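As stored in run.txt (compact mmCIF, C-alpha atoms and all ligand atoms):
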```txt
# COMPACT_ATOMS: atom_id res chain seq x y z
CA MET A 20 0.00 0.00 0.00
CA LEU A 21 1.43 3.30 -1.11
CA ASP A 22 1.98 6.09 1.45
CA VAL A 23 0.98 9.08 -0.66
CA ASP A 24 2.04 11.68 1.96
CA HIS A 25 5.51 10.16 2.00
CA ILE A 26 5.57 10.13 -1.82
CA ARG A 27 4.47 13.77 -1.98
CA SER A 28 7.16 14.84 0.48
CA GLN A 29 9.75 13.68 -2.07
CA PHE A 30 8.55 16.12 -4.77
CA PRO A 31 9.72 19.66 -3.88
CA ILE A 32 7.53 21.33 -6.51
CA LEU A 33 4.34 20.01 -4.92
CA SER A 34 4.73 22.40 -2.00
CA ARG A 35 4.65 25.51 -4.18
CA GLN A 36 1.64 27.67 -4.82
CA VAL A 37 0.24 28.68 -8.21
CA ASN A 38 -1.87 31.83 -8.40
CA GLY A 39 -2.01 31.90 -4.62
CA LYS A 40 -3.40 28.34 -4.37
CA PRO A 41 -1.66 25.06 -3.56
CA LEU A 42 -0.53 23.42 -6.78
CA CYS A 43 -2.90 20.68 -7.90
CA TYR A 44 -0.89 19.10 -10.70
CA LEU A 45 -3.08 16.97 -12.96
CA ASP A 46 -1.09 17.27 -16.18
CA ASN A 47 1.08 14.20 -15.71
CA GLY A 48 0.15 12.84 -19.14
CA ALA A 49 2.05 15.76 -20.65
CA SER A 50 5.01 15.55 -18.27
CA ALA A 51 5.47 14.45 -14.68
CA GLN A 52 7.23 16.19 -11.78
CA LYS A 53 10.57 14.93 -10.48
CA PRO A 54 11.33 13.39 -7.06
CA ARG A 55 14.24 14.62 -4.97
CA VAL A 56 16.35 11.57 -5.82
CA VAL A 57 16.23 12.45 -9.53
CA LEU A 58 17.09 16.09 -8.86
CA ASP A 59 19.96 15.04 -6.58
CA THR A 60 21.24 12.54 -9.15
CA ILE A 61 21.28 15.22 -11.86
CA GLN A 62 23.03 17.65 -9.52
CA ARG A 63 25.65 15.06 -8.55
CA ALA A 64 26.21 13.96 -12.14
CA TYR A 65 27.08 17.54 -13.13
CA ALA A 66 28.71 18.73 -9.90
CA GLU A 67 30.86 15.70 -9.08
CA ASP A 68 31.03 13.10 -11.84
CA TYR A 69 30.69 14.92 -15.15
CA ALA A 70 32.71 14.13 -18.27
CA ASN A 71 31.89 12.84 -21.74
CA VAL A 72 31.16 9.12 -22.04
CA HIS A 73 32.85 6.32 -23.99
CA ARG A 74 35.76 8.59 -24.96
CA GLY A 75 38.34 9.28 -22.34
CA LEU A 76 40.47 7.00 -20.27
CA HIS A 77 40.57 9.46 -17.39
CA THR A 78 38.78 8.88 -14.10
CA LEU A 79 35.78 11.16 -14.59
CA SER A 80 35.06 9.81 -18.04
CA THR A 81 35.19 6.28 -16.66
CA ILE A 82 32.78 7.14 -13.82
CA SER A 83 30.45 9.00 -16.16
CA THR A 84 30.47 6.10 -18.63
CA GLU A 85 29.76 3.57 -15.88
CA ASN A 86 26.87 5.63 -14.50
CA TYR A 87 25.45 6.13 -18.00
CA GLU A 88 25.84 2.54 -19.17
CA ALA A 89 24.36 1.19 -15.92
CA VAL A 90 21.04 2.70 -16.99
CA ARG A 91 20.73 0.17 -19.84
CA GLY A 92 20.43 -2.58 -17.23
CA ILE A 93 17.94 -0.52 -15.22
CA VAL A 94 15.73 0.02 -18.28
CA ALA A 95 15.98 -3.68 -19.15
CA ARG A 96 14.87 -4.57 -15.61
CA PHE A 97 12.05 -2.00 -15.74
CA LEU A 98 10.70 -3.50 -18.97
CA ASN A 99 11.74 -7.09 -18.24
CA ALA A 100 13.80 -7.10 -21.44
CA PRO A 101 15.97 -10.21 -21.74
CA SER A 102 19.19 -8.23 -22.15
CA GLU A 103 20.51 -4.72 -21.67
CA ARG A 104 21.84 -5.01 -25.24
CA ASP A 105 18.19 -4.82 -26.37
CA ILE A 106 17.95 -1.24 -25.06
CA VAL A 107 18.67 1.79 -27.27
CA PHE A 108 18.76 5.19 -25.58
CA THR A 109 16.74 7.94 -27.22
CA THR A 110 15.63 11.47 -26.40
CA GLY A 111 12.06 10.23 -26.01
CA THR A 112 9.32 8.42 -27.84
CA THR A 113 9.35 10.73 -30.84
CA GLU A 114 12.96 9.84 -31.57
CA ALA A 115 12.26 6.14 -30.94
CA PHE A 116 9.57 5.98 -33.64
CA ASN A 117 11.69 8.00 -36.05
CA LEU A 118 14.51 5.51 -35.46
CA LEU A 119 12.16 2.66 -36.30
CA SER A 120 10.84 4.46 -39.35
CA TYR A 121 14.18 5.59 -40.83
CA GLY A 122 16.29 2.76 -39.45
CA TRP A 123 14.08 -0.19 -40.32
CA ALA A 124 10.84 0.56 -42.16
CA ALA A 125 12.35 2.83 -44.82
CA GLN A 126 14.64 -0.03 -45.91
CA HIS A 127 12.14 -2.85 -45.71
CA LEU A 128 8.86 -1.41 -46.96
CA ARG A 129 8.03 -0.92 -50.64
CA ALA A 130 5.23 0.99 -52.38
CA GLY A 131 1.93 -0.70 -51.56
CA ASP A 132 3.18 -2.30 -48.33
CA GLU A 133 0.96 -1.57 -45.36
CA ILE A 134 1.35 -0.33 -41.80
CA VAL A 135 -1.58 -0.94 -39.44
CA LEU A 136 -2.13 1.65 -36.73
CA SER A 137 -5.01 2.83 -34.57
CA VAL A 138 -6.85 6.12 -34.84
CA MET A 139 -5.90 6.68 -31.19
CA GLU A 140 -2.15 7.11 -31.86
CA HIS A 141 -0.15 10.14 -30.77
CA HIS A 142 1.35 12.13 -33.65
CA ALA A 143 4.76 10.68 -32.66
CA ASN A 144 3.45 7.31 -33.85
CA ILE A 145 1.74 8.73 -36.95
CA VAL A 146 3.93 11.34 -38.59
CA PRO A 147 7.02 9.10 -39.13
CA TRP A 148 4.71 6.69 -41.02
CA HIS A 149 3.24 9.51 -43.10
CA PHE A 150 6.83 10.24 -44.18
CA LEU A 151 6.96 6.73 -45.66
CA ARG A 152 3.55 7.21 -47.27
CA GLU A 153 4.69 10.48 -48.88
CA ARG A 154 8.17 9.32 -49.85
CA GLN A 155 7.76 5.72 -50.87
CA GLY A 156 4.06 4.97 -51.30
CA VAL A 157 3.55 2.95 -48.12
CA LYS A 158 -0.13 2.64 -47.20
CA LEU A 159 -1.43 3.50 -43.72
CA VAL A 160 -4.31 1.25 -42.61
CA TRP A 161 -6.30 2.83 -39.77
CA VAL A 162 -8.25 0.92 -37.15
CA ASP A 163 -11.02 2.84 -35.41
CA THR A 164 -11.80 2.74 -31.73
CA ALA A 165 -15.21 1.45 -30.66
CA PRO A 166 -17.77 4.06 -29.52
CA ASP A 167 -16.70 3.54 -25.88
CA GLY A 168 -13.07 4.33 -26.81
CA SER A 169 -11.81 0.77 -26.53
CA LEU A 170 -9.72 -0.88 -29.23
CA ASP A 171 -10.64 -4.42 -30.16
CA PRO A 172 -7.43 -6.43 -30.74
CA GLN A 173 -9.31 -8.54 -33.29
CA ALA A 174 -10.17 -5.39 -35.27
CA VAL A 175 -6.43 -4.67 -35.47
CA LEU A 176 -5.71 -8.23 -36.63
CA ASP A 177 -8.60 -8.11 -39.11
CA ALA A 178 -6.86 -5.14 -40.77
CA VAL A 179 -3.84 -7.32 -41.59
CA THR A 180 -3.39 -8.32 -45.24
CA ASP A 181 -0.57 -10.04 -47.08
CA ARG A 182 0.96 -6.57 -47.62
CA THR A 183 1.11 -5.73 -43.89
CA LYS A 184 4.70 -5.24 -42.75
CA LEU A 185 4.20 -3.58 -39.36
CA ILE A 186 1.57 -3.04 -36.68
CA THR A 187 2.27 0.00 -34.52
CA ILE A 188 -0.01 0.67 -31.60
CA THR A 189 -0.24 2.56 -28.34
CA HIS A 190 -0.35 0.58 -25.10
CA MET A 191 -2.40 3.31 -23.42
CA SER A 192 -4.15 6.29 -24.99
CA ASN A 193 -2.92 9.68 -23.78
CA VAL A 194 -6.41 11.07 -24.39
CA LEU A 195 -8.92 8.41 -23.37
CA GLY A 196 -6.78 6.39 -20.97
CA THR A 197 -7.78 3.25 -22.90
CA VAL A 198 -5.42 0.35 -22.25
CA VAL A 199 -4.93 -1.81 -25.33
CA ASP A 200 -4.58 -5.59 -25.18
CA VAL A 201 -1.18 -5.48 -26.85
CA LYS A 202 -0.42 -9.06 -25.91
CA ALA A 203 -3.38 -10.36 -27.94
CA ILE A 204 -2.29 -8.23 -30.90
CA CYS A 205 1.30 -9.54 -30.65
CA ARG A 206 0.10 -13.14 -30.44
CA GLY A 207 -2.08 -12.74 -33.54
CA ALA A 208 0.61 -10.83 -35.44
CA ALA A 209 3.24 -13.45 -34.66
CA ALA A 210 1.14 -16.02 -36.51
CA HIS A 211 1.65 -13.88 -39.66
CA GLY A 212 5.29 -13.03 -38.83
CA ILE A 213 4.45 -9.32 -38.51
CA PRO A 214 6.40 -7.25 -35.96
CA VAL A 215 4.43 -5.15 -33.46
CA ALA A 216 5.80 -1.82 -32.24
CA VAL A 217 4.29 -0.40 -29.08
CA ASP A 218 4.11 3.18 -27.84
CA GLY A 219 4.58 2.77 -24.10
CA SER A 220 4.82 6.51 -23.34
CA GLN A 221 1.78 6.43 -21.07
CA ALA A 222 1.39 2.77 -20.08
CA ALA A 223 4.86 2.37 -18.61
CA VAL A 224 4.13 5.20 -16.17
CA HIS A 225 1.07 3.55 -14.73
CA MET A 226 1.50 -0.23 -14.80
CA PRO A 227 4.19 -2.91 -14.76
CA VAL A 228 5.39 -3.63 -18.30
CA ASP A 229 6.89 -6.94 -19.39
CA VAL A 230 8.03 -6.84 -23.00
CA ALA A 231 8.95 -10.53 -22.96
CA ASP A 232 5.42 -11.43 -21.92
CA LEU A 233 3.81 -8.97 -24.36
CA GLY A 234 5.80 -10.46 -27.23
CA CYS A 235 6.35 -7.12 -28.98
CA ARG A 236 9.38 -6.37 -31.15
CA PHE A 237 9.69 -2.72 -30.15
CA TYR A 238 8.57 -0.81 -27.05
CA ALA A 239 9.24 2.91 -26.56
CA ILE A 240 9.30 4.79 -23.26
CA THR A 241 9.95 8.45 -22.52
CA GLY A 242 11.76 9.72 -19.43
CA HIS A 243 9.95 12.97 -18.79
CA LYS A 244 6.65 11.21 -18.13
CA LEU A 245 8.38 8.63 -15.93
CA TYR A 246 9.37 11.20 -13.28
CA GLY A 247 12.72 11.59 -15.06
CA PRO A 248 14.38 14.34 -17.11
CA SER A 249 13.10 15.61 -20.44
CA GLY A 250 15.32 14.60 -23.36
CA SER A 251 15.70 11.06 -22.02
CA GLY A 252 14.08 7.85 -23.18
CA ALA A 253 14.69 4.36 -24.42
CA ALA A 254 13.41 1.71 -26.77
CA TYR A 255 13.43 -2.02 -26.26
CA ILE A 256 14.19 -3.57 -29.64
CA HIS A 257 14.08 -7.32 -30.17
CA PRO A 258 17.48 -8.58 -31.40
CA ASP A 259 15.97 -9.92 -34.65
CA LEU A 260 14.54 -6.51 -35.46
CA MET A 261 17.70 -4.71 -34.34
CA ALA A 262 19.77 -6.94 -36.63
CA GLU A 263 17.68 -5.71 -39.59
CA MET A 264 18.06 -2.02 -38.69
CA ARG A 265 20.40 0.51 -40.21
CA PRO A 266 21.52 3.58 -38.25
CA PHE A 267 19.65 6.72 -39.19
CA MET A 268 22.07 9.16 -37.59
CA GLY A 269 25.79 9.02 -38.20
CA GLY A 270 28.62 10.48 -36.17
CA GLY A 271 30.90 9.69 -33.27
CA ASP A 272 30.35 6.74 -30.93
CA MET A 273 28.28 4.66 -33.35
CA ILE A 274 31.33 3.69 -35.45
CA ARG A 275 34.37 1.51 -34.89
CA GLU A 276 36.55 2.57 -37.83
CA VAL A 277 36.24 5.51 -40.19
CA GLY A 278 38.40 5.69 -43.30
CA LYS A 279 38.33 7.67 -46.51
CA ASP A 280 36.76 4.77 -48.35
CA GLY A 281 34.49 3.24 -45.76
CA ILE A 282 33.34 2.78 -42.19
CA THR A 283 32.60 -0.05 -39.81
CA TYR A 284 29.90 0.30 -37.21
CA ASN A 285 29.98 -0.16 -33.48
CA ASP A 286 28.03 -3.12 -32.11
CA PRO A 287 24.34 -2.65 -31.42
CA PRO A 288 22.84 -0.95 -29.46
CA MET A 289 25.53 1.76 -29.69
CA LYS A 290 25.38 1.53 -33.47
CA PHE A 291 22.10 3.47 -33.15
CA GLU A 292 23.36 6.16 -30.75
CA ALA A 293 25.35 8.76 -32.68
CA GLY A 294 27.18 11.66 -31.07
CA THR A 295 27.40 12.78 -27.47
CA PRO A 296 24.21 11.48 -25.89
CA GLY A 297 22.03 13.01 -23.20
CA ILE A 298 24.48 11.81 -20.55
CA VAL A 299 22.96 13.38 -17.46
CA GLN A 300 19.40 13.02 -18.76
CA THR A 301 19.93 9.28 -19.14
CA ILE A 302 21.55 8.99 -15.71
CA GLY A 303 18.54 10.87 -14.32
CA LEU A 304 16.22 8.45 -16.13
CA GLY A 305 17.96 5.58 -14.37
CA ALA A 306 17.35 7.24 -10.99
CA ALA A 307 13.68 7.78 -11.86
CA LEU A 308 13.09 4.18 -12.93
CA GLU A 309 14.84 2.83 -9.84
CA TRP A 310 12.68 5.12 -7.73
CA MET A 311 9.52 3.84 -9.43
CA MET A 312 10.59 0.21 -8.94
CA ASP A 313 11.35 0.94 -5.27
CA VAL A 314 7.90 2.44 -4.80
CA GLY A 315 6.56 -0.65 -6.59
CA MET A 316 4.82 -0.72 -9.97
CA ASP A 317 1.92 -2.78 -8.59
CA ASP A 318 1.38 -0.27 -5.78
CA ILE A 319 1.56 2.61 -8.26
CA ALA A 320 -1.01 0.88 -10.47
CA SER A 321 -3.44 0.21 -7.63
CA HIS A 322 -3.09 3.74 -6.19
CA GLU A 323 -3.85 5.22 -9.60
CA ALA A 324 -6.73 2.81 -10.19
CA GLY A 325 -8.29 4.24 -7.01
CA LEU A 326 -7.80 7.79 -8.30
CA ARG A 327 -9.25 6.84 -11.70
CA ASP A 328 -12.36 5.29 -10.14
CA TYR A 329 -12.88 8.23 -7.81
CA ALA A 330 -12.40 10.74 -10.64
CA LEU A 331 -14.80 8.86 -12.94
CA ASP A 332 -17.34 8.70 -10.15
CA ARG A 333 -17.13 12.39 -9.24
CA LEU A 334 -16.91 13.72 -12.80
CA GLY A 335 -19.58 11.26 -13.91
CA GLY A 336 -21.94 12.87 -11.38
CA LEU A 337 -21.81 16.25 -13.15
CA ASN A 338 -24.67 16.31 -15.66
CA TRP A 339 -23.19 19.31 -17.51
CA LEU A 340 -19.96 17.48 -18.32
CA THR A 341 -19.23 14.67 -20.81
CA ILE A 342 -16.47 12.19 -20.12
CA GLN A 343 -14.82 11.19 -23.41
CA GLY A 344 -14.20 7.47 -23.52
CA HIS A 345 -15.54 4.68 -21.33
CA ALA A 346 -13.30 1.76 -22.16
CA PRO A 347 -13.50 -0.93 -19.47
CA GLU A 348 -9.69 -1.24 -19.41
CA ARG A 349 -8.32 2.19 -18.73
CA GLY A 350 -5.63 4.01 -16.80
CA ALA A 351 -5.74 7.19 -14.72
CA ILE A 352 -6.38 9.65 -17.55
CA VAL A 353 -9.79 11.29 -17.95
CA SER A 354 -10.69 13.55 -20.87
CA PHE A 355 -13.87 15.57 -20.74
CA THR A 356 -15.78 18.45 -22.31
CA LEU A 357 -18.27 20.84 -20.74
CA ASN A 358 -21.65 20.68 -22.43
CA GLY A 359 -22.23 24.45 -22.36
CA ALA A 360 -20.28 27.36 -23.78
CA ALA A 361 -16.91 26.73 -22.14
CA HIS A 362 -14.15 25.70 -24.56
CA PRO A 363 -11.45 23.42 -23.08
CA HIS A 364 -9.01 26.35 -23.27
CA ASP A 365 -11.39 28.46 -21.14
CA VAL A 366 -11.72 25.58 -18.70
CA SER A 367 -7.97 25.26 -18.39
CA THR A 368 -7.57 28.99 -17.78
CA VAL A 369 -10.22 29.06 -15.05
CA LEU A 370 -8.79 25.95 -13.39
CA ASP A 371 -5.32 27.48 -13.46
CA LYS A 372 -6.61 30.40 -11.38
CA LYS A 373 -7.46 27.79 -8.75
CA GLY A 374 -4.00 26.22 -8.94
CA VAL A 375 -5.26 23.24 -10.96
CA ALA A 376 -3.06 22.26 -13.94
CA VAL A 377 -4.81 20.26 -16.70
CA ARG A 378 -4.11 20.02 -20.41
CA ALA A 379 -6.50 21.34 -23.03
CA GLY A 380 -6.41 20.85 -26.77
CA HIS A 381 -6.06 18.01 -29.25
CA HIS A 382 -3.28 16.31 -27.26
CA CYS A 383 -1.29 15.59 -30.46
CA CYS A 384 -4.08 13.18 -31.45
CA GLN A 385 -5.92 14.92 -34.27
CA PRO A 386 -7.17 11.74 -36.01
CA LEU A 387 -8.75 10.64 -32.71
CA MET A 388 -10.33 14.07 -32.18
CA ARG A 389 -11.91 13.89 -35.64
CA HIS A 390 -13.08 10.35 -34.97
CA MET A 391 -14.71 11.50 -31.71
CA GLY A 392 -16.24 14.56 -33.40
CA VAL A 393 -14.64 17.10 -31.04
CA SER A 394 -11.96 19.68 -31.70
CA ALA A 395 -10.45 19.58 -28.22
CA THR A 396 -10.91 18.17 -24.73
CA SER A 397 -9.75 18.98 -21.23
CA ARG A 398 -7.65 16.22 -19.75
CA ALA A 399 -6.90 15.39 -16.13
CA SER A 400 -4.07 12.88 -15.94
CA PHE A 401 -3.03 11.50 -12.59
CA GLY A 402 0.31 10.44 -11.20
CA VAL A 403 1.67 8.60 -8.22
CA TYR A 404 1.54 11.69 -5.97
CA ASN A 405 -2.07 12.70 -6.64
CA THR A 406 -4.82 12.32 -4.05
CA THR A 407 -8.60 12.01 -4.00
CA ALA A 408 -8.62 15.44 -2.30
CA GLU A 409 -7.11 16.82 -5.52
CA VAL A 410 -9.94 15.23 -7.49
CA ASP A 411 -12.31 17.17 -5.21
CA THR A 412 -10.32 20.36 -5.89
CA LEU A 413 -10.69 19.70 -9.63
CA VAL A 414 -14.44 19.20 -9.30
CA ASP A 415 -14.86 22.38 -7.20
CA ALA A 416 -12.93 24.38 -9.81
CA LEU A 417 -15.01 22.86 -12.62
CA GLU A 418 -18.21 23.86 -10.80
CA LEU A 419 -16.94 27.41 -10.72
CA CYS A 420 -16.22 27.19 -14.42
CA HIS A 421 -19.72 25.86 -15.11
CA ASP A 422 -21.24 28.77 -13.12
CA LEU A 423 -19.13 31.28 -15.05
CA PHE A 424 -19.99 30.04 -18.53
CA ASP A 425 -23.59 28.76 -18.29
N1 LIG B 1 3.14 8.93 -27.44
C1 LIG B 1 2.27 9.24 -26.47
C2 LIG B 1 1.12 8.31 -26.19
C3 LIG B 1 2.44 10.40 -25.71
O1 LIG B 1 1.55 10.70 -24.77
C4 LIG B 1 3.55 11.25 -25.99
C5 LIG B 1 3.76 12.51 -25.26
O2 LIG B 1 2.91 13.33 -25.12
C6 LIG B 1 4.43 10.88 -27.01
C7 LIG B 1 4.20 9.72 -27.71
C8 LIG B 1 5.62 11.72 -27.37
O3 LIG B 1 6.63 11.48 -26.47
P1 LIG B 1 7.94 12.39 -26.38
O4 LIG B 1 7.55 13.62 -25.63
O5 LIG B 1 8.90 11.55 -25.63
O6 LIG B 1 8.42 12.65 -27.73
```
Have the structure of the file written as structure tokens, please.
Amino acid sequence: MLDVDHIRSQFPILSRQVNGKPLCYLDNGASAQKPRVVLDTIQRAYAEDYANVHRGLHTLSTISTENYEAVRGIVARFLNAPSERDIVFTTGTTEAFNLLSYGWAAQHLRAGDEIVLSVMEHHANIVPWHFLRERQGVKLVWVDTAPDGSLDPQAVLDAVTDRTKLITITHMSNVLGTVVDVKAICRGAAAHGIPVAVDGSQAAVHMPVDVADLGCRFYAITGHKLYGPSGSGAAYIHPDLMAEMRPFMGGGDMIREVGKDGITYNDPPMKFEAGTPGIVQTIGLGAALEWMMDVGMDDIASHEAGLRDYALDRLGGLNWLTIQGHAPERGAIVSFTLNGAAHPHDVSTVLDKKGVAVRAGHHCCQPLMRHMGVSATSRASFGVYNTTAEVDTLVDALELCHDLFD
């Protein structure tokens, strides 16, 4: 059982005020706050242990390299990846999907080949595939969500044809909170020999993830949502897929020999990490993931399930508000619209005056917005440090908003 007061005491920012009110931070889906251990790790990495990695033979470079490389093992443990060599560091999920697109799909897909994806994807898992559509005639095959916002794994598998070369799917929607049965999709796809790539940006924050059990070939996570630094992230890539990939960025570190007439590459995963990486960001990511594992992913999941249920219950009781999405399997993200005149941007502005931070807009999910028939929503997304009292604060602020606009 998670001690939320103890958790909160580890996040310095949670004791600040915003517009004269205690901060009620419900924008974790966009980016999460950082615990003291992450801030201290970043401070120490710069103040005491900083040097470039993989390059020098001097003491600080050795320490820095050890601290940085140790994070591969931490990520592997966090995702239950079989080996730390299956982990490629990235700057976040956007880079991870661009790596997959440029590094693998661009070489292996021909005009008329198909990529299956859901209408619920974040632009990070859409735009790199549009590049292939524009540049080499690859076809995007969209799978709609059901009216309740759930995604039927069979509908995804039904979209597969003999031209399908990739299924790429979110594990948890950043708008509706819908959790997708990725394991069923991977099982069905394996029967056709089709790799499945998974956007774990949201899911990995809220539930234990086991890539070996899921059976996916690619799983992307992003540090800034995982209580770690922005500009950090990682992708699990199955060795068979990694063996078929070509680097998409060239430079230092990813090569072994460079001559006038040719080059030889470093071994994977470093073959895919060109240039000086986000050294301290990655070290900070390691601290964040260790902190999450110490708190306990099961405890995090059950705490947030309680928040989700309470939020759905309280928001569901407001007859002037529509909750967007009612999938039975969902995480602690609730999108909603007010039925009257208030636009989500107005809602966000009024809530901010009460110290409540929520996101408003299309959430980088324009195909989903069109599918739902709305231009924007307000979104409350919960994290490990949120409380049911903060759900009450949200509801009080929304009531004020309703009074102002209707
Ligand atoms: N995918 C999902 C589901 C997200 O919620 C986000 C972030 O908002 C991203 C991808 C993009 O991640 P990043 O900020 O690491 O590029």
Could I get the residues of region 153-243 of chain A with an atom no further than 12 Å from an atom of region 125-136 of chain A, each paired with its nearest atom pair and that distance in Å to one decimal, using only C-alpha atoms, sorted by chain and residue number, as a Markdown table?
```
| residue | atom | partner | partner_atom | distance |
| --- | --- | --- | --- | --- |
| A:Glu153 | CA | A:Ala130 | CA | 10.1 |
| A:Arg154 | CA | A:Ala130 | CA | 9.2 |
| A:Gln155 | CA | A:Ala130 | CA | 5.6 |
| A:Gly156 | CA | A:Ala130 | CA | 4.3 |
| A:Val157 | CA | A:Ala130 | CA | 5.0 |
| A:Lys158 | CA | A:Glu133 | CA | 4.7 |
| A:Leu159 | CA | A:Ile134 | CA | 5.1 |
| A:Val160 | CA | A:Val135 | CA | 4.7 |
| A:Trp161 | CA | A:Leu136 | CA | 5.3 |
| A:Val162 | CA | A:Leu136 | CA | 6.2 |
| A:Asp163 | CA | A:Leu136 | CA | 9.1 |
| A:Thr164 | CA | A:Leu136 | CA | 10.9 |
| A:Leu170 | CA | A:Leu136 | CA | 11.0 |
| A:Pro172 | CA | A:Leu136 | CA | 11.4 |
| A:Ala174 | CA | A:Val135 | CA | 10.5 |
| A:Val175 | CA | A:Val135 | CA | 7.3 |
| A:Leu176 | CA | A:Val135 | CA | 8.8 |
| A:Asp177 | CA | A:Val135 | CA | 10.0 |
| A:Ala178 | CA | A:Val135 | CA | 6.9 |
| A:Val179 | CA | A:Val135 | CA | 7.1 |
| A:Thr180 | CA | A:Glu133 | CA | 8.0 |
| A:Asp181 | CA | A:Asp132 | CA | 8.7 |
| A:Arg182 | CA | A:Asp132 | CA | 4.9 |
| A:Thr183 | CA | A:Glu133 | CA | 4.4 |
| A:Lys184 | CA | A:Glu133 | CA | 5.9 |
| A:Leu185 | CA | A:Ile134 | CA | 5.0 |
| A:Ile186 | CA | A:Val135 | CA | 4.7 |
| A:Thr187 | CA | A:Leu136 | CA | 5.2 |
| A:Ile188 | CA | A:Leu136 | CA | 5.6 |
| A:Thr189 | CA | A:Leu136 | CA | 8.6 |
| A:His190 | CA | A:Leu136 | CA | 11.8 |
| A:Ile204 | CA | A:Val135 | CA | 11.3 |
| A:Ala208 | CA | A:Val135 | CA | 10.9 |
| A:Ile213 | CA | A:Ile134 | CA | 10.1 |
| A:Pro214 | CA | A:Ile134 | CA | 10.4 |
| A:Val215 | CA | A:Val135 | CA | 9.5 |
| A:Ala216 | CA | A:Leu136 | CA | 9.8 |
| A:Val217 | CA | A:Leu136 | CA | 10.2 |
| A:Asp218 | CA | A:Leu136 | CA | 11.0 |
```
Output the neighbourhood of ligand LIG 1 (chain B) as a ChimeraX atom specification, that is, all protein and nucleic acid residues with some atom at most 6 Å from the ligand, counting only C-alpha atoms and all ligand atoms.
/A:49,111-113,141,143,192-193,218,220-221,241
Keeping only C-alpha atoms, take the residues you just selected and write them out as a compact mmCIF listing (two decimals), in the frame of the given file.
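The resulting file, part_11.txt, is shown below:
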```txt
# COMPACT_ATOMS: atom_id res chain seq x y z
CA ALA A 49 2.05 15.76 -20.65
CA GLY A 111 12.06 10.23 -26.01
CA THR A 112 9.32 8.42 -27.84
CA THR A 113 9.35 10.73 -30.84
CA HIS A 141 -0.15 10.14 -30.77
CA ALA A 143 4.76 10.68 -32.66
CA SER A 192 -4.15 6.29 -24.99
CA ASN A 193 -2.92 9.68 -23.78
CA ASP A 218 4.11 3.18 -27.84
CA SER A 220 4.82 6.51 -23.34
CA GLN A 221 1.78 6.43 -21.07
CA THR A 241 9.95 8.45 -22.52
```
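If only C-alpha atoms are the atoms counted, then among A:Leu119, A:Met261, A:Val314, A:Val138 the closest residue to Met388 (chain A) is A:Val138.
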Any idea what's packed within 8 Å of region 380-386 of chain A, counting all atoms listed in the file, ignoring anything in its chain fewer than 2 positions away? Could you give it as number ranges by chain?
A: 138-142, 193-194, 363-364, 378, 388-390, 394-397
Please list as a ChimeraX atom specification every residue within 9 Å of region 346-353 of chain A, counting all atoms listed in the file and excluding residues in the same chain fewer than 3 positions away.
/A:47-48,165-170,191-200,221-222,225-226,320,323-328,330-331,342-343,397-402
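Once Ala416 (chain A) and its same-chain neighbours fewer than 6 positions away are set aside, Val366, Ser367, Val369, Leu370, Asp371, Lys372, Lys373, Gly374, Val375, Val410 and Asp422 of chain A remain within 10 Å of it when counting all atoms listed in the file.
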Nearest residue to Val56 (chain A) out of A:Val393, A:Ala376, A:Ala231, A:Ile26, using all atoms listed in the file?
A:Ile26
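One finds CA of Tyr238 (chain A) at 11.8 Å from CA of Asn144 (chain A).
What separates CA of Ser249 (chain A) from CA of Val224 (chain A) is a distance of 14.4 Å.
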Where is the centre and how long are the edges: axis-aligned box on region 401-409 of chain A, 6 Å on each side, Å to one decimal, as lines of an AutoDock Vina configuration file:
```
center_x = -3.5
center_y = 12.7
center_z = -7.4
size_x = 22.3
size_y = 20.2
size_z = 22.3
```
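Atom pair CA of Asp46 (chain A) / CA of Ala379 (chain A) has a distance of 9.6 Å (rounded to one decimal).
In terms of minimum interatomic distance to Pro54 (chain A), A:Tyr246 ranks closest within A:Tyr246, A:Trp148, A:Tyr329, A:Phe116, counting all atoms listed in the file.
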Contacts of Arg74 (chain A) at 9 Å (all atoms listed in the file; same-chain gap of 6+ positions) as a short mmCIF file (atom, residue, chain, number, x, y, z; two decimals) with C-alpha atoms, keeping the file's coordinate frame:
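This is the output file part03.cif:
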```cif
data_model
loop_
_atom_site.label_atom_id
_atom_site.label_comp_id
_atom_site.auth_asym_id
_atom_site.auth_seq_id
_atom_site.Cartn_x
_atom_site.Cartn_y
_atom_site.Cartn_z
CA SER A 80 35.06 9.81 -18.04
CA THR A 81 35.19 6.28 -16.66
CA THR A 84 30.47 6.10 -18.63
CA ASP A 272 30.35 6.74 -30.93
#
```
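Residues in contact with Val299 (chain A) at 10 Å, where all atoms listed in the file are counted and same-chain residues fewer than 4 positions away are skipped, are listed as Thr60, Ile61, Gln62, Arg63, Ala64, Tyr65, Asp68, Tyr69, Ala70, Asn71, Ser83, Asn86, Tyr87, Pro248, Gly250, Ser251, Gly303, Leu304 and Gly305 of chain A.
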With region 253-260 of chain A as the partner and 8 Å as the cut-off, tabulate the residues of region 173-245 of chain A that qualify, each row holding the nearest pair of atoms and their distance in Å to one decimal, using only C-alpha atoms, sorted by chain and rising number, as CSV.
```
residue,atom,partner,partner_atom,distance
A:Val230,CA,A:Tyr255,CA,7.9
A:Cys235,CA,A:His257,CA,7.8
A:Arg236,CA,A:His257,CA,4.9
A:Phe237,CA,A:Ile256,CA,4.6
A:Tyr238,CA,A:Tyr255,CA,5.1
A:Ala239,CA,A:Ala254,CA,4.3
A:Ile240,CA,A:Ala253,CA,5.5
A:Thr241,CA,A:Ala253,CA,6.5
A:Gly242,CA,A:Ala253,CA,7.9
```
